[in-house]
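The structure appears right after this line, and notes come after that.
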Amino acid sequence: MQQAGVLDVGCHSALLTVARRRAGVDMEQVLSRKVRLQLHETLDATGRLGKSGVRSVQLAVAETLADDQECLPEVYAFATSVIRDAPNREEVLAQVARATGTRLRVLSGEEEARLAYVAARRWAGERAGSLLVLDIGGGTVEIASGTAKQPRTALSLPLGARTITRDWRLGEAVSSKRRLAEVRDHLGDRLAEVADLPRAEPDGRVLACSKTFTQLARYTTAGGRRSRKTQRLTIEEVRAAVGVLAERGPAERGRLPGISRHRAGQSLAGALVAEALMEACRATSVEISPWSTREGLLLERLGALRTKGSTHR
């Protein structure tokens, strides 16, 4: 049975996923292996990855691919914005390759947006019409929209949760309403500058496919107001979450239901970005899609294997 593998090295983890296609199922996961990372703690003021960060990436890549490499399919290994946008990116990639034998690739932000759209559309089903896909990463935000299998618009903006946390010092509690207003104005102004920013269509769907949106949805359902099976998040709920997160430091945020302690420091900035995105794109609510860039890569690689297999019959 044909299988495809993707190793996704991000700020908070290195995640190996192997999937296969079988009758009636677009993609079925057969292996998942994760190693936790905290690369944001090793970045200097310029975004350069320090020695300890490089070493942790080397160890994570080696561990995720260890023991049974001969049993794995060909693995597409890539790094997200924390490495892609680092001033010493080429040095990091070279050191990881020398230490592990695996050369991490980097995708442009626009390509990440395209793949997130491909995955979200497949997850939404064949009958999905107009789609707007929002993805908040650590360094960047990806936005894509369209009505076909491939997006009409795919954008990447430097407004990720880690970026906004660093630029506006939002890792700790924020008691000043004026400061929150300044961040909101900044985000709104930056998004207003994007001439081709897509908007939610009246008869379309808005899908959110990132950890930021997922944990916000988990937080809003944890109080019992709605069933945990509900996968929708409203802009009113996001605004309420901003108020709660702003009052707390990272340790307290990490104890809130649904908020990951690994991402607690960036959770306020993530909520502010989510709010700004939804406002700018005129989305009153979003559906949470569990599939994003990684799944888009897996789907396309499985599709390529299928095409190759059909050609050789």
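In the structure tokens, chains take the letters A, B, ... in the order shown, each chain's residues start at 1, and ligands count up from 1 in the order shown.
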
Do a neighbour search on Ala276 (chain A) at 7 Å with only C-alpha atoms, toss out local chain neighbours closer than 6 positions, and write the hits as a PyMOL selection string. chain A and resi 184+187-188

Give me, as JSON lines, each residue of region 183-287 of chain A that comes within 12 Å of region 92-115 of chain A, together with its shortest interatomic pair and the distance in Å at one decimal, counting only C-alpha atoms, with rows ordered by chain and rising residue number.
```
{"residue": "A:Ala208", "atom": "CA", "partner": "A:Ala113", "partner_atom": "CA", "distance": 11.7}
{"residue": "A:Cys209", "atom": "CA", "partner": "A:Ala113", "partner_atom": "CA", "distance": 10.5}
{"residue": "A:Ser210", "atom": "CA", "partner": "A:Ala113", "partner_atom": "CA", "distance": 11.5}
```

Write the residues of the preceding selection, restricted to N, CA and C atoms, as an mmCIF file, in the first residue's frame.
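Below you can see part_37.cif, which holds the result:
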```
data_model
loop_
_atom_site.group_PDB
_atom_site.id
_atom_site.type_symbol
_atom_site.label_atom_id
_atom_site.label_comp_id
_atom_site.auth_asym_id
_atom_site.auth_seq_id
_atom_site.Cartn_x
_atom_site.Cartn_y
_atom_site.Cartn_z
ATOM 1 N N ALA A 208 -10.688 27.770 9.692
ATOM 2 C CA ALA A 208 -9.481 28.151 10.420
ATOM 3 C C ALA A 208 -8.708 26.884 10.741
ATOM 4 N N CYS A 209 -7.423 26.873 10.395
ATOM 5 C CA CYS A 209 -6.686 25.610 10.502
ATOM 6 C C CYS A 209 -5.318 25.809 11.148
ATOM 7 N N SER A 210 -5.333 26.274 12.389
ATOM 8 C CA SER A 210 -4.066 26.436 13.094
ATOM 9 C C SER A 210 -4.271 26.136 14.570
#
```

Counting only C-alpha atoms, which residue out of A:Gly125, A:Pro151, A:Gly5, A:Gly303 sits closest to Leu65 (chain A)?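 Between A:Gly125, A:Pro151, A:Gly5, A:Gly303, the residue approaching Leu65 (chain A) most closely is A:Gly5.
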
Using DSSP on the backbone coordinates, identify all residues within region 173-303 of chain A classified as helix (DSSP H, G or I); present the result as a ChimeraX atom specification. /A:177-192,211-222,235-246,250-254,264-280,293-303

Write out as a VMD selection string which residues come within 7 Å of region 157-171 of chain A when counting only C-alpha atoms, dropping same-chain ones fewer than 2 positions away. chain A and resid 136 to 142 155 173 to 174 250 265 to 266 268 to 270

Find the residues around Ala66 (chain A) up to 12 Å (only C-alpha atoms counted), leave out those fewer than 3 positions away in its own chain, and share them as number ranges by chain. A: 16, 33-35, 58-63, 69-72, 100-102

Name the residues in contact with Arg261 (chain A) at a cut-off of 10 Å, using only C-alpha atoms, excluding same-chain residues fewer than 6 positions from it; report them as a PyMOL selection string. chain A and resi 250-255+267

Test item: residues at most 12 Å from Leu37 (chain A), only C-alpha atoms, excluding those fewer than 2 positions along its chain, as a list in words: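 Here the answer would be Asp8, Val9, Gly10, Cys11, His12, Ser13, Ala14, Leu15, Lys34, Val35, Leu39, His40, Glu41, Thr42, Ser52, Gly53, Val54, Arg55, Ser56, Val57, Gln58, Leu59, Ala60, Val61, Val82, His262 and Arg263 of chain A.
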
Just N, CA and C atoms for this one: save the residues we selected as an mmCIF file, in the first residue's frame.
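Printed below is selection18.cif as written:
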```
data_model
loop_
_atom_site.group_PDB
_atom_site.id
_atom_site.type_symbol
_atom_site.label_atom_id
_atom_site.label_comp_id
_atom_site.auth_asym_id
_atom_site.auth_seq_id
_atom_site.Cartn_x
_atom_site.Cartn_y
_atom_site.Cartn_z
ATOM 1 N N ASP A 8 7.445 17.810 9.820
ATOM 2 C CA ASP A 8 7.162 19.236 9.967
ATOM 3 C C ASP A 8 7.927 19.752 11.188
ATOM 4 N N VAL A 9 8.950 20.576 10.954
ATOM 5 C CA VAL A 9 9.750 21.130 12.049
ATOM 6 C C VAL A 9 9.331 22.575 12.266
ATOM 7 N N GLY A 10 8.643 22.810 13.385
ATOM 8 C CA GLY A 10 8.162 24.138 13.700
ATOM 9 C C GLY A 10 8.758 24.667 14.981
ATOM 10 N N CYS A 11 8.199 25.742 15.462
ATOM 11 C CA CYS A 11 8.725 26.386 16.660
ATOM 12 C C CYS A 11 8.538 25.516 17.898
ATOM 13 N N HIS A 12 7.405 24.825 17.985
ATOM 14 C CA HIS A 12 7.059 24.094 19.198
ATOM 15 C C HIS A 12 7.250 22.589 19.102
ATOM 16 N N SER A 13 7.460 22.060 17.911
ATOM 17 C CA SER A 13 7.628 20.606 17.801
ATOM 18 C C SER A 13 8.179 20.215 16.445
ATOM 19 N N ALA A 14 8.719 19.003 16.422
ATOM 20 C CA ALA A 14 9.039 18.323 15.163
ATOM 21 C C ALA A 14 8.077 17.150 15.100
ATOM 22 N N LEU A 15 7.273 17.089 14.065
ATOM 23 C CA LEU A 15 6.217 16.077 13.968
ATOM 24 C C LEU A 15 6.347 15.286 12.674
ATOM 25 N N LYS A 34 6.168 12.710 17.622
ATOM 26 C CA LYS A 34 6.413 14.125 17.921
ATOM 27 C C LYS A 34 7.519 14.278 18.963
ATOM 28 N N VAL A 35 8.342 15.315 18.747
ATOM 29 C CA VAL A 35 9.336 15.729 19.728
ATOM 30 C C VAL A 35 9.085 17.205 20.017
ATOM 31 N N LEU A 39 11.771 26.552 20.256
ATOM 32 C CA LEU A 39 12.768 27.311 19.511
ATOM 33 C C LEU A 39 12.672 28.809 19.751
ATOM 34 N N HIS A 40 11.498 29.309 20.093
ATOM 35 C CA HIS A 40 11.369 30.749 20.324
ATOM 36 C C HIS A 40 12.225 31.211 21.496
ATOM 37 N N GLU A 41 12.522 30.280 22.411
ATOM 38 C CA GLU A 41 13.349 30.646 23.554
ATOM 39 C C GLU A 41 14.830 30.770 23.190
ATOM 40 N N THR A 42 15.209 30.320 22.005
ATOM 41 C CA THR A 42 16.610 30.361 21.583
ATOM 42 C C THR A 42 16.875 31.444 20.541
ATOM 43 N N SER A 52 21.846 26.394 20.921
ATOM 44 C CA SER A 52 20.998 25.422 21.600
ATOM 45 C C SER A 52 19.773 25.080 20.760
ATOM 46 N N GLY A 53 19.250 26.061 20.022
ATOM 47 C CA GLY A 53 18.118 25.806 19.141
ATOM 48 C C GLY A 53 18.488 24.881 17.993
ATOM 49 N N VAL A 54 19.647 25.140 17.389
ATOM 50 C CA VAL A 54 20.115 24.286 16.296
ATOM 51 C C VAL A 54 20.317 22.860 16.797
ATOM 52 N N ARG A 55 20.921 22.740 17.970
ATOM 53 C CA ARG A 55 21.149 21.411 18.537
ATOM 54 C C ARG A 55 19.842 20.684 18.810
ATOM 55 N N SER A 56 18.844 21.391 19.318
ATOM 56 C CA SER A 56 17.556 20.750 19.597
ATOM 57 C C SER A 56 16.870 20.296 18.314
ATOM 58 N N VAL A 57 17.034 21.060 17.232
ATOM 59 C CA VAL A 57 16.476 20.638 15.944
ATOM 60 C C VAL A 57 17.186 19.375 15.454
ATOM 61 N N GLN A 58 18.495 19.356 15.570
ATOM 62 C CA GLN A 58 19.247 18.167 15.163
ATOM 63 C C GLN A 58 18.764 16.929 15.912
ATOM 64 N N LEU A 59 18.625 17.039 17.217
ATOM 65 C CA LEU A 59 18.198 15.902 18.031
ATOM 66 C C LEU A 59 16.762 15.489 17.690
ATOM 67 N N ALA A 60 15.889 16.476 17.456
ATOM 68 C CA ALA A 60 14.496 16.176 17.149
ATOM 69 C C ALA A 60 14.359 15.464 15.805
ATOM 70 N N VAL A 61 15.098 15.942 14.801
ATOM 71 C CA VAL A 61 15.052 15.295 13.483
ATOM 72 C C VAL A 61 15.571 13.871 13.587
ATOM 73 N N VAL A 82 9.945 29.811 11.710
ATOM 74 C CA VAL A 82 10.958 30.087 12.728
ATOM 75 C C VAL A 82 12.366 29.854 12.182
ATOM 76 N N HIS A 262 2.577 25.125 26.346
ATOM 77 C CA HIS A 262 3.686 25.370 25.428
ATOM 78 C C HIS A 262 3.458 26.630 24.591
ATOM 79 N N ARG A 263 2.194 26.990 24.398
ATOM 80 C CA ARG A 263 1.863 28.145 23.565
ATOM 81 C C ARG A 263 1.237 29.275 24.370
#
```

For region 45-49 of chain A, find every residue with an atom within 7 Å (counting only C-alpha atoms), except residues of its own chain fewer than 6 positions away, and show them as a list of chain:residue names. A:Ala86, A:Pro87, A:Asn88

Nearest candidate to Glu247 (chain A) (options A:Thr214, A:Ser175, A:Ser289, A:Gln231; using only C-alpha atoms):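 Looking only at the distances to Glu247 (chain A), the closest residue turns out to be A:Ser175.
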
Could you go through region 39-110 of chain A and tell me which residues DSSP, when run on the backbone, assigns to strand (DSSP E or B), listing them as a list in words?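 Strand (DSSP E or B) assignments inside region 39-110 of chain A correspond to Leu43, Leu49, Val75, Tyr76, Ala77, Phe78, Ala79, Arg105 and Val106 of chain A.
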
Please write the residues from the selection above to a file, keeping C-alpha atoms, as an mmCIF file, in the first residue's frame.
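Printed below is out27.cif as written:
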```
data_model
loop_
_atom_site.group_PDB
_atom_site.id
_atom_site.type_symbol
_atom_site.label_atom_id
_atom_site.label_comp_id
_atom_site.auth_asym_id
_atom_site.auth_seq_id
_atom_site.Cartn_x
_atom_site.Cartn_y
_atom_site.Cartn_z
ATOM 1 C CA LEU A 43 16.018 33.282 19.192
ATOM 2 C CA LEU A 49 18.465 30.730 15.943
ATOM 3 C CA VAL A 75 9.875 11.607 3.945
ATOM 4 C CA TYR A 76 9.447 15.241 2.903
ATOM 5 C CA ALA A 77 11.094 17.197 5.717
ATOM 6 C CA PHE A 78 10.419 20.923 5.952
ATOM 7 C CA ALA A 79 10.865 23.784 8.396
ATOM 8 C CA ARG A 105 13.366 22.245 2.984
ATOM 9 C CA VAL A 106 11.641 25.589 3.381
#
```

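Counting only C-alpha atoms and comparing A:Thr293, A:Thr234, A:Ser285, A:Gln3, the residue that lies closest to Thr80 (chain A) is A:Thr293.
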
Compare A:Ala192, A:Ala181, A:Glu126, A:Ser81 by their minimum atom-to-atom distance to Gly243 (chain A), counting only C-alpha atoms, and give me the closest one. A:Ala181

So how many Å separate CA of Ala283 (chain A) and CA of Ala271 (chain A), to one decimal?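 One can read the CA of Ala283 (chain A) to CA of Ala271 (chain A) distance as 14.6 Å.
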
Quick one: of A:Arg122, A:Ala116, A:Ala240, A:Ser260, who's nearest to Met27 (chain A), counting only C-alpha atoms? A:Arg122
